[in-house]
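Coordinates from work12.txt are shown below (compact mmCIF, C-alpha atoms).
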```txt
# COMPACT_ATOMS: atom_id res chain seq x y z
CA PRO A 1 -29.05 -5.54 -8.80
CA PRO A 2 -26.32 -3.27 -7.40
CA ARG A 3 -27.51 -0.82 -4.77
CA VAL A 4 -26.65 2.80 -5.44
CA LEU A 5 -25.31 4.87 -2.57
CA ARG A 6 -27.17 8.15 -3.28
CA GLY A 7 -28.41 9.08 0.19
CA HIS A 8 -25.55 7.09 1.64
CA SER A 9 -23.05 9.36 -0.12
CA CYS A 10 -23.88 12.14 2.35
CA VAL A 11 -23.32 9.71 5.20
CA LEU A 12 -20.02 8.63 3.70
CA MET A 13 -18.80 12.22 3.44
CA ALA A 14 -19.95 13.02 6.98
CA VAL A 15 -18.09 10.10 8.53
CA ALA A 16 -15.03 10.13 6.30
CA SER A 17 -12.99 11.94 8.92
CA ALA A 18 -13.97 9.38 11.56
CA ALA A 19 -11.73 6.59 10.24
CA ARG A 20 -9.06 6.10 12.87
CA SER A 21 -7.05 3.18 14.17
CA SER A 22 -7.93 1.86 17.59
CA PRO A 23 -5.25 2.39 20.23
CA GLY A 24 -5.71 -1.27 21.13
CA THR A 25 -4.60 -4.36 19.30
CA ARG A 26 -7.36 -4.50 16.68
CA PHE A 27 -8.04 -2.11 13.86
CA GLU A 28 -11.32 -0.28 14.30
CA PHE A 29 -13.10 0.27 11.01
CA PRO A 30 -14.97 3.55 10.44
CA PRO A 31 -18.80 3.63 10.40
CA PHE A 32 -19.11 3.74 6.62
CA TYR A 33 -17.43 0.33 6.45
CA ASN A 34 -20.70 -1.19 7.67
CA LEU A 35 -22.80 0.22 4.83
CA PRO A 36 -23.53 -2.65 2.39
CA PRO A 37 -23.47 -0.39 -0.74
CA PHE A 38 -19.89 0.56 0.12
CA PHE A 39 -18.83 -2.88 -1.16
CA THR A 40 -20.33 -2.48 -4.64
CA LEU A 41 -18.64 -0.15 -7.13
CA GLN A 42 -21.07 2.68 -7.71
CA PRO A 43 -22.11 3.63 -11.27
CA HIS A 44 -22.49 7.40 -10.69
CA GLU A 45 -19.14 9.07 -11.39
CA GLY A 46 -19.30 11.56 -8.52
CA VAL A 47 -20.41 8.98 -5.95
CA ARG A 48 -17.80 6.52 -7.21
CA ALA A 49 -15.06 9.12 -6.76
CA LYS A 50 -16.10 9.63 -3.11
CA GLN A 51 -16.35 5.86 -2.64
CA LEU A 52 -12.83 5.25 -3.97
CA ALA A 53 -11.44 8.08 -1.82
CA LEU A 54 -12.94 6.43 1.27
CA TRP A 55 -11.66 3.01 0.23
CA LYS A 56 -8.21 4.55 -0.19
CA GLN A 57 -8.44 6.03 3.30
CA VAL A 58 -9.50 2.84 5.05
CA THR A 59 -7.08 0.67 3.05
CA LEU A 60 -4.04 2.81 3.84
CA GLU A 61 -4.98 3.13 7.52
CA HIS A 62 -5.57 -0.62 7.78
CA CYS A 63 -2.24 -1.38 6.10
CA ALA A 64 -0.39 1.12 8.32
CA PHE A 65 -1.97 -0.34 11.47
CA ASN A 66 -0.96 -3.88 10.49
CA ARG A 67 2.34 -2.96 8.77
CA THR A 68 1.06 -4.48 5.55
CA PHE A 69 3.28 -3.80 2.55
CA LEU A 70 1.69 -6.11 -0.03
CA LEU A 71 -1.97 -6.62 -0.92
CA ASP A 72 -3.31 -9.40 -3.12
CA ILE A 73 -6.51 -8.22 -4.82
CA SER A 74 -7.32 -11.60 -6.35
CA ASP A 75 -10.25 -13.67 -5.07
CA GLY A 76 -7.77 -15.97 -3.36
CA GLY A 77 -6.02 -13.06 -1.68
CA VAL A 78 -9.25 -11.66 -0.29
CA ALA A 79 -10.08 -15.04 1.27
CA GLY A 80 -7.55 -14.38 4.01
CA GLY A 81 -4.59 -12.39 5.18
CA ALA A 82 -4.05 -8.66 4.86
CA ALA A 83 -6.52 -8.30 2.00
CA GLY A 84 -9.26 -9.17 4.48
CA VAL A 85 -9.82 -5.40 4.52
CA PHE A 86 -11.95 -6.02 1.43
CA ARG A 87 -14.27 -8.40 3.29
CA ASN A 88 -16.72 -7.47 6.05
CA ASP A 89 -17.96 -10.68 7.63
CA ALA A 90 -20.25 -8.80 10.03
CA ILE A 91 -22.52 -7.70 7.18
CA GLN A 92 -21.52 -10.54 4.81
CA ARG A 93 -20.19 -8.22 2.16
CA GLN A 94 -17.02 -8.30 0.08
CA LEU A 95 -15.71 -5.66 -2.29
CA THR A 96 -16.38 -6.96 -5.79
CA ALA A 97 -13.57 -7.91 -8.16
CA GLU A 98 -14.49 -4.88 -10.27
CA GLY A 99 -14.31 -2.71 -7.17
CA ARG A 100 -10.93 -4.10 -6.11
CA ARG A 101 -9.51 -3.50 -9.57
CA ALA A 102 -10.87 0.05 -9.64
CA LEU A 103 -9.45 0.73 -6.17
CA ALA A 104 -6.05 -0.69 -7.13
CA GLU A 105 -5.89 1.53 -10.21
CA HIS A 106 -6.98 4.51 -8.10
CA LEU A 107 -4.25 3.85 -5.52
CA VAL A 108 -1.63 3.55 -8.26
CA ALA A 109 -2.83 6.75 -9.95
CA GLU A 110 -2.68 8.57 -6.60
CA GLY A 111 0.89 7.37 -5.94
CA ALA A 112 -0.27 5.37 -2.93
CA ALA A 113 0.56 1.99 -4.49
CA ALA A 114 2.46 0.30 -7.30
CA TRP A 115 2.02 -3.04 -9.01
CA ALA A 116 4.44 -5.55 -7.52
CA ASP A 117 4.01 -8.01 -10.37
CA ALA A 118 4.26 -5.59 -13.30
CA THR A 119 6.94 -6.58 -15.79
CA ALA A 120 8.52 -4.64 -18.62
CA GLU A 121 8.27 -7.70 -20.86
CA ASP A 122 4.52 -8.11 -20.47
CA ALA A 123 2.75 -4.92 -19.46
CA THR A 124 -0.61 -6.51 -20.27
CA ALA A 125 -0.19 -9.35 -17.77
CA GLN A 126 -2.99 -9.58 -15.21
CA ARG A 127 -1.60 -7.89 -12.14
CA GLN A 128 -2.84 -8.92 -8.71
CA ARG A 129 -0.26 -7.84 -6.12
CA LEU A 130 0.02 -4.26 -4.89
CA LEU A 131 2.83 -2.56 -3.00
CA VAL A 132 0.93 -0.24 -0.65
CA PHE A 133 2.62 3.00 0.37
CA TRP A 134 0.89 4.01 3.58
CA LYS A 135 3.71 6.48 3.78
CA SER A 136 4.78 8.12 0.54
CA VAL A 137 7.73 6.71 -1.39
CA GLY A 138 9.55 9.94 -0.56
CA GLU A 139 9.01 9.39 3.17
CA TRP A 140 10.31 5.82 2.97
CA ALA A 141 13.32 7.09 1.01
CA ASP A 142 13.95 9.69 3.73
CA MET A 143 13.87 6.99 6.41
CA VAL A 144 16.35 4.78 4.55
CA LEU A 145 18.69 7.72 3.95
CA ARG A 146 18.46 8.85 7.58
CA TRP A 147 19.35 5.32 8.69
CA ALA A 148 22.34 5.29 6.33
CA GLU A 149 23.53 8.64 7.69
CA ASP A 150 22.97 7.74 11.34
CA THR A 151 24.83 4.44 11.00
CA GLY A 152 27.78 5.83 9.02
CA ARG A 153 26.98 4.03 5.80
CA ILE A 154 27.32 6.95 3.40
CA GLY A 155 29.87 5.84 0.82
CA SER A 156 29.50 2.15 1.63
CA VAL A 157 27.81 -0.55 -0.42
CA GLU A 158 25.07 -2.62 1.18
CA THR A 159 22.94 -5.44 -0.15
CA VAL A 160 19.23 -4.82 -0.44
CA PHE A 161 18.72 -8.04 1.49
CA SER A 162 20.65 -6.60 4.44
CA LEU A 163 18.35 -3.58 4.45
CA THR A 164 15.20 -5.68 4.54
CA GLU A 165 16.28 -8.73 6.54
CA GLY A 166 19.69 -8.11 8.05
CA ASP A 167 20.61 -7.34 11.64
CA ILE A 168 21.95 -3.95 10.59
CA SER A 169 18.41 -2.61 10.00
CA GLU A 170 16.70 -4.32 12.91
CA GLY A 171 14.16 -1.98 14.49
CA GLU A 172 13.82 0.27 11.44
CA ALA A 173 10.36 0.83 9.95
CA PHE A 174 11.47 -0.65 6.61
CA HIS A 175 12.93 -3.80 8.18
CA GLY A 176 10.93 -6.80 7.00
CA ALA A 177 9.45 -4.98 4.02
CA PRO A 178 9.41 -6.83 0.68
CA ARG A 179 12.41 -6.30 -1.59
CA GLU A 180 10.22 -4.57 -4.20
CA PHE A 181 9.03 -2.12 -1.57
CA VAL A 182 12.51 -1.08 -0.46
CA MET A 183 13.63 -0.90 -4.10
CA SER A 184 11.00 1.80 -4.66
CA ALA A 185 12.59 3.89 -1.91
CA LEU A 186 16.09 3.26 -3.25
CA ARG A 187 15.05 4.28 -6.77
CA GLU A 188 13.76 7.54 -5.29
CA LEU A 189 17.14 8.09 -3.59
CA GLU A 190 18.88 7.30 -6.87
CA ARG A 191 16.67 9.86 -8.59
CA ARG A 192 17.80 12.43 -6.00
CA GLY A 193 21.44 11.54 -6.54
CA ARG A 194 21.82 10.09 -3.03
CA ALA A 195 22.20 6.43 -4.00
CA LYS A 196 23.52 4.21 -6.75
CA ILE A 197 21.80 0.86 -7.29
CA PHE A 198 23.87 -2.06 -8.55
CA ARG A 199 21.93 -4.72 -10.40
CA GLY A 200 22.74 -8.24 -9.35
CA ALA A 201 23.07 -11.26 -11.57
CA THR A 202 19.73 -12.48 -10.27
CA THR A 203 16.62 -10.83 -8.86
CA GLY A 204 17.11 -10.22 -5.17
CA SER A 205 20.88 -9.81 -5.32
CA GLU A 206 20.95 -6.05 -5.83
CA GLY A 207 23.27 -3.73 -3.95
CA VAL A 208 23.15 -0.03 -3.17
CA LYS A 209 25.79 2.60 -2.47
CA PHE A 210 24.65 5.61 -0.45
CA LEU A 211 26.13 8.84 -1.76
CA PRO A 212 26.96 12.07 0.09
CA ALA A 213 24.90 15.19 -0.50
```

Do you think you could lay out the structure here as structure tokens?
Amino acid sequence: PPRVLRGHSCVLMAVASAARSSPGTRFEFPPFYNLPPFFTLQPHEGVRAKQLALWKQVTLEHCAFNRTFLLDISDGGVAGGAAGVFRNDAIQRQLTAEGRRALAEHLVAEGAAAWADATAEDATAQRQRLLVFWKSVGEWADMVLRWAEDTGRIGSVETVFSLTEGDISEGEAFHGAPREFVMSALRELERRGRAKIFRGATTGSEGVKFLPA
């Protein structure tokens, strides 16, 4: 049967502030990551809320450390790659499917993630891939706009592909990010009136015009 955190909840709160990335080449997980009950979604509402907050913390820090933009919460995704954050081989524990789904919904509700495979045509489709915003969408939008200003691209039209993969954005934090990720930042700029997105004939062929203040 699932183990309830109870006494562990005090431990989790006490060590929550201890989650930090190692200055070396490997991410150092916080102490609570080695508590087996942490990997089972807790039934008590208050304990679950603390558990999800800690999972949000460690997930965002892990993604930031590894520059992970997309997480696959399916069983196949957890088997390897970036979603390995959900699996602790040292204690032979893996966050349950129910736990991963609850965490994903929590991240989305908190504005720290968005479904990458959500579609307007089928909102009930089983979604598995998350865009993870280890910086807020607003911060990513600020970075893209600052790049456009610094490189004299206000008033010009650029392809989204050139922003994510082109030489013109080499060295920028958003270079190499998935198209869906950068589109989130561009939609924020469009909302502010600082960009105009042009829909392409096919997915992936969008363009953007950066507008003056």

**Study point:** Distance of atom CA of Ser205 of chain A from atom CA of Arg146 of chain A, expressed in Å to one decimal place
**Key:** 22.8 Å

Point to revise | Selection near Arg153 of chain A, 12 Å with all atoms listed in the file, sequence-local residues under 5 positions removed, as a ChimeraX atom specification | key: /A:144-148,158-159,163,168-169,194-195,208-212

Exercise for review: Name all residues at most 10 Å from Arg100 of chain A (count all atoms listed in the file; drop same-chain ones fewer than 2 positions away) and give them as a list in words.
Suggested key: Phe39, Thr40, Leu41, Leu52, Trp55, Asp72, Ile73, Ser74, Asp75, Val78, Phe86, Gln94, Leu95, Thr96, Ala97, Glu98, Ala102, Leu103, Ala104, Glu105, His106 and Gln128 of chain A

Practice item. Figure out the distance between atom CA of Ala173 of chain A and atom CA of Gly155 of chain A, please, to one decimal in Å. Key: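 Here the two named atoms are 22.1 Å from each other.
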
Point to revise | d(atom CA of Gly171 of chain A, atom CA of Arg191 of chain A) in Å | key: 26.1 Å

Point to revise | From A:Thr164, A:Asn88, A:Thr151, A:Ser184, residue lying nearest Leu131 of chain A [all atoms listed in the file] | key: A:Ser184

Review point. With all atoms listed in the file as the basis for distance, which of A:Leu60, A:Val157, A:Ile197, A:Ala49 is at the shortest distance from Ala185 of chain A?
Key: A:Ile197

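Among A:Phe198, A:Phe38, A:Phe69, A:Phe133, the residue with the shortest atom-to-atom distance to Lys50 of chain A, counting all atoms listed in the file, is A:Phe38.
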
**Study point:** Counting all atoms listed in the file, the option among A:Gly193, A:Gly207, A:Pro36, A:Pro178 closest to Arg67 of chain A
**Key:**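 Residue with the minimum atom-to-atom distance to Arg67 of chain A: A:Pro178.
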
Review point. So, counting only C-alpha atoms, which residue among A:Trp115, A:Lys196, A:Arg129, A:Leu70 is closest to Ser156 of chain A?
Key: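 Selected residue with least distance to Ser156 of chain A: A:Lys196.
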
Check your understanding: Taking into account all atoms listed in the file, which residue in the set A:Ile91, A:Leu130, A:Val160, A:Met183 is nearest to Ala116 of chain A?
Key ->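 Of A:Ile91, A:Leu130, A:Val160, A:Met183, the one nearest Ala116 of chain A, counting all atoms listed in the file, is A:Leu130.
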
Check your understanding: Using all atoms listed in the file, which residues sit within 10 Å of Cys63 of chain A once same-chain residues fewer than 6 positions away are excluded, as a list in words?
Key ->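 Counting all atoms listed in the file, the residues come to Phe27, Phe69, Leu70, Leu71, Ala82, Ala83, Val85, Val132, Phe133 and Trp134 of chain A.
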